[in-house]
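Raw contents of coords06.tsv, TSV, C-alpha atoms:
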```tsv
chain	number	residue	atom	x	y	z
A	3	MET	CA	3.42	6.38	-2.12
A	4	ALA	CA	6.07	8.14	-0.09
A	5	LEU	CA	5.60	10.28	2.95
A	6	LYS	CA	7.57	13.49	3.25
A	7	GLN	CA	10.15	12.79	5.94
A	8	GLY	CA	11.32	15.40	8.36
A	9	LYS	CA	12.89	15.46	11.76
A	10	GLN	CA	11.38	13.57	14.66
A	11	PRO	CA	8.84	15.74	16.55
A	12	SER	CA	10.17	16.98	19.88
A	13	VAL	CA	8.97	18.93	22.89
A	14	ARG	CA	10.95	20.79	25.55
A	15	PHE	CA	10.16	19.94	29.16
A	16	ASP	CA	12.85	22.16	30.69
A	17	VAL	CA	14.27	25.59	29.84
A	18	ALA	CA	17.88	25.14	28.74
A	19	GLY	CA	18.56	27.97	26.31
A	20	PRO	CA	17.65	28.24	22.62
A	21	PHE	CA	20.37	25.87	21.39
A	22	GLY	CA	20.71	23.52	24.36
A	23	PHE	CA	19.66	19.91	23.98
A	24	GLN	CA	18.84	19.51	27.67
A	25	GLY	CA	15.14	19.17	28.27
A	26	VAL	CA	14.28	17.90	24.78
A	27	SER	CA	11.91	14.94	24.61
A	28	PHE	CA	10.73	13.18	21.46
A	29	GLU	CA	7.16	12.51	20.38
A	30	PRO	CA	6.19	9.61	18.10
A	31	LYS	CA	5.12	10.11	14.51
A	32	VAL	CA	1.71	8.77	13.53
A	33	ILE	CA	0.36	7.99	10.06
A	34	THR	CA	-3.14	6.83	9.16
A	35	PHE	CA	-4.32	4.51	6.40
A	36	ASN	CA	-7.52	3.10	4.97
A	37	LYS	CA	-8.47	0.45	2.43
A	38	ASP	CA	-12.03	0.64	1.17
A	39	ALA	CA	-13.97	-1.13	-1.57
A	40	ILE	CA	-12.24	-4.41	-0.70
A	41	SER	CA	-13.21	-7.04	-3.25
A	42	GLY	CA	-10.88	-10.01	-3.37
A	43	THR	CA	-7.42	-11.05	-2.28
A	44	SER	CA	-4.75	-8.34	-2.55
A	45	ASN	CA	-1.33	-7.25	-1.34
A	46	ASN	CA	-1.26	-3.51	-0.75
A	47	ASP	CA	2.18	-1.99	-0.16
A	48	PHE	CA	1.26	1.48	1.08
A	49	TRP	CA	4.28	2.98	2.86
A	50	GLN	CA	8.03	2.73	2.55
A	51	VAL	CA	9.47	2.78	6.05
A	52	PRO	CA	12.68	4.85	6.13
A	53	ALA	CA	15.88	3.10	7.23
A	54	GLY	CA	16.48	3.41	10.96
A	55	THR	CA	12.80	3.41	11.96
A	56	PHE	CA	11.22	1.67	14.95
A	57	ILE	CA	7.50	0.89	14.56
A	58	ALA	CA	5.98	0.71	18.03
A	59	GLN	CA	2.28	0.16	17.29
A	60	VAL	CA	0.02	-0.84	14.43
A	61	PHE	CA	-3.77	-0.59	14.84
A	62	VAL	CA	-6.47	-1.68	12.38
A	63	ARG	CA	-10.28	-1.60	12.57
A	64	ALA	CA	-13.01	-3.06	10.36
A	65	ASP	CA	-15.06	-0.10	9.13
A	66	THR	CA	-17.26	-2.34	6.98
A	67	GLU	CA	-17.33	-6.10	7.57
A	68	LEU	CA	-15.43	-8.33	5.15
A	69	ASP	CA	-17.57	-11.18	3.85
A	70	GLY	CA	-16.39	-14.39	2.16
A	71	SER	CA	-14.11	-15.35	5.06
A	72	GLY	CA	-12.07	-12.21	4.38
A	73	THR	CA	-8.93	-11.74	6.46
A	74	VAL	CA	-6.54	-8.86	7.07
A	75	GLU	CA	-2.84	-8.95	7.92
A	76	ILE	CA	-0.39	-6.07	8.34
A	77	GLY	CA	3.36	-6.40	8.08
A	78	SER	CA	6.10	-5.91	5.52
A	79	ASP	CA	6.29	-7.17	1.97
A	80	GLY	CA	8.70	-9.88	3.16
A	81	ASN	CA	6.67	-10.76	6.28
A	82	PRO	CA	3.00	-9.81	5.72
A	83	ASP	CA	1.86	-10.79	9.23
A	84	LEU	CA	4.74	-9.12	11.11
A	85	PHE	CA	2.40	-6.87	13.12
A	86	ILE	CA	-1.14	-8.20	12.76
A	87	ASP	CA	-1.82	-11.80	11.86
A	88	GLN	CA	-5.19	-12.90	10.46
A	89	THR	CA	-5.80	-14.81	13.71
A	90	ASP	CA	-5.48	-11.53	15.69
A	91	PHE	CA	-8.32	-9.84	13.85
A	92	ASP	CA	-11.84	-10.96	12.94
A	93	ALA	CA	-12.72	-8.58	10.14
A	94	SER	CA	-16.16	-10.11	9.60
A	95	THR	CA	-17.82	-7.67	12.02
A	96	ALA	CA	-17.70	-3.88	11.66
A	97	GLY	CA	-16.08	-2.28	14.68
A	98	ASN	CA	-13.73	-5.18	15.46
A	99	TRP	CA	-10.12	-4.10	15.82
A	100	ALA	CA	-6.61	-5.37	16.46
A	101	THR	CA	-3.22	-4.05	17.48
A	102	ASN	CA	0.20	-5.65	17.45
A	103	ILE	CA	0.69	-4.87	21.14
A	104	GLY	CA	0.23	-8.05	23.11
A	105	SER	CA	-0.41	-10.24	20.07
A	106	THR	CA	0.36	-13.90	20.75
A	107	THR	CA	1.05	-14.68	17.08
A	108	ALA	CA	2.69	-11.60	15.51
A	109	VAL	CA	6.50	-11.51	15.48
A	110	GLY	CA	6.37	-7.72	15.90
A	111	ALA	CA	4.07	-7.83	18.96
A	112	SER	CA	6.53	-5.57	20.81
A	113	GLY	CA	7.31	-3.48	17.75
A	114	SER	CA	9.96	-3.88	15.09
A	115	TYR	CA	13.12	-2.01	14.06
A	116	PHE	CA	13.88	-1.53	10.35
A	117	ALA	CA	17.63	-1.06	9.82
A	118	ALA	CA	16.99	-0.79	6.07
A	119	ALA	CA	14.05	0.77	4.23
A	120	ASP	CA	11.15	-1.63	3.71
A	121	ASN	CA	7.56	-1.64	2.43
A	122	ILE	CA	4.62	-1.90	4.82
A	123	ARG	CA	1.87	-4.14	3.47
A	124	LEU	CA	-1.83	-4.62	4.18
A	125	ALA	CA	-2.71	-8.11	2.89
A	126	VAL	CA	-6.30	-9.19	2.29
A	127	GLY	CA	-7.02	-12.91	2.15
A	128	GLY	CA	-10.07	-15.11	1.69
A	129	THR	CA	-12.71	-14.29	-0.91
A	130	PRO	CA	-14.28	-11.01	0.24
A	131	THR	CA	-16.61	-9.13	-2.10
A	132	GLN	CA	-17.02	-6.18	0.27
A	133	GLY	CA	-15.30	-4.52	3.20
A	134	ALA	CA	-13.24	-1.61	4.44
A	135	VAL	CA	-10.55	-1.19	7.09
A	136	SER	CA	-8.61	1.76	8.52
A	137	GLY	CA	-5.95	2.28	11.13
A	138	PHE	CA	-2.75	3.97	12.19
A	139	ILE	CA	0.96	3.33	12.73
A	140	VAL	CA	3.03	4.86	15.54
A	141	TYR	CA	6.75	5.09	14.80
A	142	TYR	CA	10.08	6.74	15.62
A	143	GLU	CA	12.84	7.69	13.18
A	144	VAL	CA	15.79	6.77	15.37
A	145	GLY	CA	18.44	8.26	13.08
A	146	SER	CA	16.72	11.64	13.12
A	147	MET	CA	16.54	11.54	16.92
A	148	VAL	CA	20.25	10.75	17.30
A	149	ASP	CA	21.20	13.37	14.68
A	150	GLU	CA	19.44	16.02	16.73
A	151	GLY	CA	21.56	15.27	19.80
A	152	ILE	CA	22.49	12.67	22.38
A	153	HIS	CA	21.04	12.95	25.88
A	154	PHE	CA	23.65	10.68	27.51
A	155	ASP	CA	27.06	9.89	26.04
A	156	ILE	CA	27.93	6.74	27.98
A	157	ALA	CA	31.69	6.15	28.08
```
So, in terms of structure tokens, how does the structure I just supplied come out?
Amino acid sequence: MALKQGKQPSVRFDVAGPFGFQGVSFEPKVITFNKDAISGTSNNDFWQVPAGTFIAQVFVRADTELDGSGTVEIGSDGNPDLFIDQTDFDASTAGNWATNIGSTTAVGASGSYFAAADNIRLAVGGTPTQGAVSGFIVYYEVGSMVDEGIHFDIA
């Protein structure tokens, strides 16, 4: 599943003319996801991150508890626990949640930059027969930001 990519959202905090770059500030992009009817171990690649993207935050919540010692990890197809490791998140109770920010086990606890396109994966482990999770990802398309203009050209 591919998301339609566009330019990075921006806002103007200063009046600088219709074509001036002064006063432009960028907003993050946010996508949401959910996985319901969880029944067994699975690797779910759900988004292809564009090249030149920085993922700042990943959040996940248990909407319905996972039984059977079910676990949830979120990362890339090459590193499934890059953002949220199964030890960060007890999915056995509805309402429990996790984020990569401040994680003591996730490599991407402070975010992660993808120089090349990659697949984001939600991995379910254990032997669950029920469960559902949802969440969001906050990210910036750095290339799009730079293409729009440079605030400071440091010589």
Residues near Thr131 of chain A, anyone? I mean within 9 Å using only C-alpha atoms, not counting same-chain ones fewer than 6 positions away, as a VMD selection string. chain A and resid 39 to 42 68 to 70 72
What is the distance, in Å and to one decimal place, between atom CA of Arg63 of chain A and atom CA of Ser112 of chain A?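 Separating atom CA of Arg63 of chain A from atom CA of Ser112 of chain A is a distance of 19.1 Å.
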Name all residues at most 12 Å from Val148 of chain A (count all atoms listed in the file; drop same-chain ones fewer than 3 positions away) and give them as a PyMOL selection string. chain A and resi 9-10+23+26-28+54-55+142-145+151-155
Mind pulling up the distance from atom CA of Val62 of chain A to atom CA of Phe91 of chain A?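 So the two atoms, atom CA of Phe91 of chain A and atom CA of Val62 of chain A, lie 8.5 Å apart.
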Considering only C-alpha atoms, return as a list in words whatever protein or nucleic-acid residues lie within 10 Å of Asn36 of chain A, sequence-local ones (same chain, fewer than 3 positions apart) excluded.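 Counting only C-alpha atoms, the residues come to Phe48, Val62, Arg63, Ala64, Asp65, Leu124, Ala134, Val135, Ser136, Gly137 and Phe138 of chain A.
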Restricting the output to C-alpha atoms, write the selected residues as an mmCIF file, in the coordinates of the input.
```
data_model
loop_
_atom_site.group_PDB
_atom_site.id
_atom_site.type_symbol
_atom_site.label_atom_id
_atom_site.label_comp_id
_atom_site.auth_asym_id
_atom_site.auth_seq_id
_atom_site.Cartn_x
_atom_site.Cartn_y
_atom_site.Cartn_z
ATOM 1 C CA PHE A 48 1.260 1.480 1.080
ATOM 2 C CA VAL A 62 -6.470 -1.680 12.380
ATOM 3 C CA ARG A 63 -10.280 -1.600 12.570
ATOM 4 C CA ALA A 64 -13.010 -3.060 10.360
ATOM 5 C CA ASP A 65 -15.060 -0.100 9.130
ATOM 6 C CA LEU A 124 -1.830 -4.620 4.180
ATOM 7 C CA ALA A 134 -13.240 -1.610 4.440
ATOM 8 C CA VAL A 135 -10.550 -1.190 7.090
ATOM 9 C CA SER A 136 -8.610 1.760 8.520
ATOM 10 C CA GLY A 137 -5.950 2.280 11.130
ATOM 11 C CA PHE A 138 -2.750 3.970 12.190
#
```
Atomic separation - atom CA of Ile33 of chain A relative to atom CA of Asn81 of chain A, Å: 20.1 Å
Taking 4 positions as the minimum chain separation for residues in the same chain, which residues sit within 12 Å of Ala100 of chain A when counting all atoms listed in the file? Answer as a PyMOL selection string. chain A and resi 59-64+74-76+85-93+104-106+108+111+135-138
Would you mind listing what lies within 8 Å of Ser71 of chain A as a list in words, with only C-alpha atoms counted and same-chain residues fewer than 5 positions away left out?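 Neighbouring residues, sequence-local ones excluded: Ser94, Gly128, Thr129 and Pro130 of chain A.
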Which residue out of A:Ala119, A:Val126, A:Ala96, A:Ile103 has the minimum interatomic distance to Glu67 of chain A when all atoms listed in the file are used?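 Of the candidates, the smallest distance to Glu67 of chain A is held by A:Ala96.
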Which one of A:Asn102, A:Gln50, A:Val140, A:Ser78 sits closest to Thr34 of chain A if you count all atoms listed in the file?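 Going through A:Asn102, A:Gln50, A:Val140, A:Ser78 one by one, the smallest distance to Thr34 of chain A is for A:Val140.
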Once you count all atoms listed in the file, which residues end up no further than 7 Å from (0.2, 0.9, 4.7) in the file's frame, shown as number ranges by chain? A: 35, 47-49, 122-124
Using the atoms already present, construct N, CA and C atoms for segment 89-117 of chain A and hand them back as a compact mmCIF listing (two decimals), in the frame of the given file.
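To be explicit, this is the file written out as selection_32.txt:
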```
# COMPACT_ATOMS: atom_id res chain seq x y z
N THR A 89 -5.18 -14.24 12.51
CA THR A 89 -5.80 -14.81 13.71
C THR A 89 -5.98 -13.78 14.82
N ASP A 90 -5.33 -12.61 14.70
CA ASP A 90 -5.48 -11.53 15.69
C ASP A 90 -6.74 -10.71 15.46
N PHE A 91 -7.34 -10.84 14.28
CA PHE A 91 -8.32 -9.84 13.85
C PHE A 91 -9.45 -10.50 13.07
N ASP A 92 -10.66 -10.47 13.63
CA ASP A 92 -11.84 -10.96 12.94
C ASP A 92 -12.49 -9.78 12.22
N ALA A 93 -12.23 -9.71 10.93
CA ALA A 93 -12.72 -8.58 10.14
C ALA A 93 -14.14 -8.78 9.63
N SER A 94 -14.82 -9.83 10.09
CA SER A 94 -16.16 -10.11 9.60
C SER A 94 -17.25 -9.31 10.31
N THR A 95 -16.86 -8.51 11.31
CA THR A 95 -17.82 -7.67 12.02
C THR A 95 -17.30 -6.25 12.08
N ALA A 96 -18.10 -5.30 11.60
CA ALA A 96 -17.70 -3.88 11.66
C ALA A 96 -17.47 -3.48 13.10
N GLY A 97 -16.41 -2.73 13.33
CA GLY A 97 -16.08 -2.28 14.68
C GLY A 97 -15.01 -3.13 15.35
N ASN A 98 -14.80 -4.37 14.89
CA ASN A 98 -13.73 -5.18 15.46
C ASN A 98 -12.40 -4.53 15.13
N TRP A 99 -11.42 -4.73 16.00
CA TRP A 99 -10.12 -4.10 15.82
C TRP A 99 -9.02 -4.99 16.35
N ALA A 100 -7.79 -4.64 15.98
CA ALA A 100 -6.61 -5.37 16.46
C ALA A 100 -5.43 -4.41 16.54
N THR A 101 -4.48 -4.77 17.38
CA THR A 101 -3.22 -4.05 17.48
C THR A 101 -2.12 -5.08 17.67
N ASN A 102 -0.91 -4.73 17.28
CA ASN A 102 0.20 -5.65 17.45
C ASN A 102 0.57 -5.82 18.92
N ILE A 103 0.28 -4.84 19.74
CA ILE A 103 0.69 -4.87 21.14
C ILE A 103 -0.02 -6.02 21.86
N GLY A 104 0.78 -6.91 22.38
CA GLY A 104 0.23 -8.05 23.11
C GLY A 104 -0.23 -9.20 22.24
N SER A 105 -0.02 -9.14 20.94
CA SER A 105 -0.41 -10.24 20.07
C SER A 105 0.36 -11.49 20.46
N THR A 106 -0.31 -12.63 20.43
CA THR A 106 0.36 -13.90 20.75
C THR A 106 0.90 -14.57 19.50
N THR A 107 0.59 -14.04 18.32
CA THR A 107 1.05 -14.68 17.08
C THR A 107 1.99 -13.80 16.25
N ALA A 108 1.89 -12.49 16.35
CA ALA A 108 2.69 -11.60 15.51
C ALA A 108 4.13 -11.51 16.03
N VAL A 109 5.08 -11.63 15.13
CA VAL A 109 6.50 -11.51 15.48
C VAL A 109 6.80 -10.12 16.03
N GLY A 110 6.15 -9.10 15.48
CA GLY A 110 6.37 -7.72 15.90
C GLY A 110 5.42 -7.27 16.99
N ALA A 111 5.03 -8.17 17.89
CA ALA A 111 4.07 -7.83 18.96
C ALA A 111 4.60 -6.73 19.86
N SER A 112 5.91 -6.63 20.00
CA SER A 112 6.53 -5.57 20.81
C SER A 112 7.13 -4.48 19.95
N GLY A 113 6.76 -4.45 18.69
CA GLY A 113 7.31 -3.48 17.75
C GLY A 113 8.40 -4.12 16.91
N SER A 114 8.93 -3.36 15.97
CA SER A 114 9.96 -3.88 15.09
C SER A 114 10.84 -2.74 14.58
N TYR A 115 12.16 -3.00 14.55
CA TYR A 115 13.12 -2.01 14.06
C TYR A 115 13.50 -2.36 12.63
N PHE A 116 13.51 -1.36 11.76
CA PHE A 116 13.88 -1.53 10.35
C PHE A 116 15.22 -0.84 10.12
N ALA A 117 16.30 -1.63 10.07
CA ALA A 117 17.63 -1.06 9.82
C ALA A 117 17.72 -0.53 8.39
```
